[in-house]
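Structure first, then comments.
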Amino acid sequence: MVQLMGFLSVFALQEFLELINVMLASGIVIVSCALLLYLIIYNPRNNVARSFATLLACVLIAYFVDLALFGVEDLEAAIPWLRLQWVGIAFTPAAYLSFSNALLITTGARSRPRDVAVRASYLLSAFLLLGAVFTNFVVRGGALGPRVSHLLPGPLFPFFVLYYFAAVGWGGANVLWARRRCLTSTSRRRMTYLMATFAAPAAGVFPYLLLTGWPASAPGTLLWLLLVLGNVGVGLMLVLLAYSVAFFGALTPDRVVKHRLIRFLLRGPFVATLVVVVIIAASQAEGWLGLPGRRLMLFGVVGLILLLQLGIELAKPLIDRALYRQDQPEIEWIQQLSNRLLTTTDLRQFLENVLTALCDLLRVETAFVAVIDDGMPHLEVVCGPLEPGAADHLPPEAWQPSAEAEASKERHIERHGDLFVWNGYWLAPLRTKGQDVVIGVVGMAARAPEPDLSPEEQAGMEALLAQAAAALEDRQLQQGIFSALERIIPEIEDIQRRRGVMHYVGEQALSGFSLVEAAEFRQWVRDALSHYWGGPKLITSPLLALRVVERAAREHDGNAMKGLRTVLKQAIERLRPDGQRQMTAPEWILYNILELKFLQGRRVREIAHRLAMSESDLYRKQRVAIEAVAQMLAEMEREELNNATFDKATAPPYNRVKREA
C-alpha cells in the first residue's frame with residue numbers, strides 16, 4: 001500500500017487528468033470505429049445507418065488525430081496531421097444534415113429542397129476541406145499549447161463557424177420535427193434518445209482552440225478537467241445515439257438487435273478500451289512491484305482479456321434477464337433448445353457410444369443400428385467389422401407387429417423372449433415409449449446359437465437399448481418440428497421484412513404500408529435484378545413483401561421467388577416499345593439492356609458489342625434502365641393496392657365483413 005501511495009504521489013493532478021483524457025479519447029476512437037463497422041456489417045442498406053456511419057467516420061478522424069498528436073512538441077510535424085483532421089471537421093455539418101434528413105424520410109416527410117440542401121452541404125464541405133488542406137483561407141499556421149497543438153483561424157474560419165452551427169442547428173430542428181411526426185410510443189422513445197444525444201458528435205469534433213486558443217491565464221487543471229468531463233459526455237451520448245440508430249432498417253426482432261449490439265460492445269470496444277487503459281497505466285508504472293513496465297503491460301493485458309471474457313460469460317444470464325424481462329421463460333427455452341437438439345452427427349455419435357458400450361458388455365466385436373423409415377430398414381451406425389450388405393435384408397418380423405409376423409408363412413428368424421436370432425446376429429427391436437411402434441433395430445454379433453445373458457448383462461443391455469430408442473424417438477420428433485419450422489419461416493421472414501421498412505407515421509405504417517416509398521426501394525430493385533436467377537439478394541429481398549409479388553406468388557403455388565421473378569419480368573416487358581425489335585434503335589436501348597443483362601444473363605462485353613456502345617456508356621444506361629424498372633414496379637404496386645381497395649369498397653356488406661373477419 002505504501003508503494004502504491006508513492007506511485008500515485010509522483011503524478012500531479014494535471015498530469016493525472018491528461019492521462020485520463022488520453023484514455024477517454026482512445027475509448028471514443030475505439031467505440032467510433034467499432035460502431036462504424038457494426039453499422040456497415042448489419043445495416044449497410046439503410047439510409048439512416050449509412051448517414052450516421054458517415055458522422056461516426058468524422059468523429060473517428062477528428063479524435064484519432066487528437067490522440068496521435070498528444071504530447072507532440074514538433075509543430076512542423078503536427079501541422080500536416082492537423083490539416084488532415086479537417087477531413088472529419090469539414091464534413092461533420094453535411095453529415096448532420098444528411099442524418100437528420102434520413103430520419104425525416106423514415107417518418108414519410110420527403111422534401112426535394114431538403115435533398116438538394118444535403119447535396120449542397122457536401123459540396124460546400126468539400127470546398128472548405130480543400131481550403132483547409134491546401135490554402136490558408138480557412139486555417140493557417142499553428143500554435144503549441146501545453147501538450148496540445150492546434151492551427152490558427154484563417155479569413156474564412158468565421159464563415160465555417162456559421163456554417164457549422166447553422167447545419168447542426170438545422171439538423172436538430174429536423175430531428176425534433178421527426179419526433180413530432182412519430183405516432184407510436186416506441187418510435188417516439190427512440191427519437192427522444194436521438195434528440196437528447198444528437199449534439200454529441202458536433203460537440204466533440206468542433207475545433208474550439210481555433211476560437212480561443214489555449215487560455216494561458218486559466219488554471220491548466222481546470223481546462224483538463226473540462227476536457228475529461230466533455231469526453232465522458234461525448235462517449236456516453238455516442239453509444240446511446242448508436243443504440244437508437246441500430247434499430248433502423250433492422251430485419252430482426254428488437255430483442256435480437258439489443259442482444260447483438262450489447263454483446264458486440266462488451267466483447268469489442270469495452271475490452272479494447274480497458275486494454276488501452278492497462279497499457280497506459282503500465283507504461284507509467286515503471287519499477288512498480290520491482291517489475292519493468294513492459295512486463296507489467298504484458299501481464300496486465302493478458303490477465304485483463306482473460307478475466308473480462310470470463311466475466312462477460314458469467315454475466316450473460318444477468319444481461320439476458322435485463323434485456324428479456326417480459327419474455328424470459330420463452331427466451332430461456334429457446335436458448336436451451338439449441339443446446340439440446342440432436343443433429344445427424346450428434347445422433348450417430350451417441351449411437352456409436354451405445355453400441356461400443358453394448359459390445360463391451362456382451363463381449364462381442366460387432367453391433368449395428370438400423371432405422372425403420374417408411375417401413376424399410378436403413379443402416380445408421382456400425383460398431384466393429386460388418387460384412388457389406390449384411391444388414392440390408394433384415395427380416396420384416398423384427399419390426400412388424402407380432403400378429404403380422406406370426407402370420408408369415410416363411411420363418412426367417414427365431415424368437416427368444418425379446419430377442420431374435422437371425423443370420424448370426426441377435427436382433428433387438430427399438431420401440432417408442434408407448435411400445436406400439438418399432439422405430440429401429442439393434443443387431444449384435446451372436447456369441448451363442450441362443451441368447452445366454454446373465455441377469456447383469458440383461459439389465460445392462462435393456463438400459464442401453466432404452467437409451468438408443470429414446471434418441472431415435474427424440475430425433476423423429478425434432479424432424480417434425482423442423483418440418484413445421486420450414487413451413488412458417490417464410491412467413492416470419494416476411495414479417496421481419498415488413499418491420500424493417502415500416503414507416504413511423506400514420507395508419508399505413510401499422511397495416512398497408514407501401515414499400516415503394518422507401519428510400520432504399522431502387523437499391524432493392526437493383527439487388528433483385530442482379531440475382532434474378534437465384535441468390536441471397538433475391539431470396540431475402542424486401543420486394544417479396546409487395547402486394548403484387550404476393551399475388552404472383554399465389555399464382556405459382558406460393559413460391560415467392562418465382563413470384564418476384566415474374567413481377568420483375570412483367571415490369572421489364574412493360575418497358576418494351578411497340579413494333580419490331582431493333583438492337584441499336586434509341587427507343588429500344590433500355591429494354592435491350594435489361595433483357596440481355598438480367599433475363600438472359602449475358603456478359604457486359606457481349607451486350608456492349610451487340611448494342612454498338614462502349615462499356616462505360618452501357619453502365620450509365622444500365623443505371624437509367626434499372627431506375628425505369630423501379631418506377632414501373634412502383635406503378636404496378638400502386639395499381640395492385642388501388643384494385644384491392646376498390647374490390648373491398650365494392651364488395652357486398654356480407655362479403656366485406658367476412659373478409660375483414
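Residue numbering restarts at 1 in every chain; chains get A, B, ... in the order shown in the C-alpha cells, and ligands count up from 1 in that same order.
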Check your understanding: Could you name the residues that touch Ala446 (chain A) at 7 Å or less, counting only C-alpha atoms, but leaving out those on the same chain fewer than 5 positions away, as a list in words?
Key -> Gly424, Tyr425 and Trp426 of chain A
Export C-alpha atoms of the chosen residues as a compact mmCIF listing (two decimals), in the first residue's frame?
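Written output follows (part-v3.txt):
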```txt
# COMPACT_ATOMS: atom_id res chain seq x y z
CA GLY A 424 -25.50 -64.98 -36.82
CA TYR A 425 -26.89 -61.87 -35.07
CA TRP A 426 -29.11 -61.16 -32.10
```
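Summary of the local environment: counting only C-alpha atoms, residues at most 7 Å from Tyr532 (chain A), other than itself and those fewer than 4 positions away along its chain, are Ala528, Leu538, Arg565 and Phe598 of chain A.
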Review point. Pick from A:Gln631, A:Thr197, A:Gln523, A:Gln467: nearest to Ile572 (chain A), with only C-alpha atoms counted?
Key: A:Gln631
Review point. Near Val567 (chain A), within 7 Å and counting only C-alpha atoms, which residues show up once chain neighbours fewer than 4 positions away are dropped, as a ChimeraX atom specification?
Key: /A:549,563,571
Would you save the residues from that selection as a compact mmCIF listing (two decimals), in the first residue's frame, using N, CA and C atoms?
```
# COMPACT_ATOMS: atom_id res chain seq x y z
N VAL A 549 -46.26 -8.85 -55.76
CA VAL A 549 -45.44 -10.07 -55.70
C VAL A 549 -46.18 -11.18 -54.95
N GLY A 563 -42.62 -15.79 -57.91
CA GLY A 563 -43.49 -14.63 -57.98
C GLY A 563 -42.73 -13.34 -58.21
N ALA A 571 -42.45 -6.10 -65.29
CA ALA A 571 -42.05 -4.69 -65.29
C ALA A 571 -41.13 -4.39 -66.46
```
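Compared by their closest atoms to Gly230 (chain A), and using only C-alpha atoms, the residues A:Ala560, A:Leu60, A:Ala585, A:Ala202 rank with A:Ala202 nearest.
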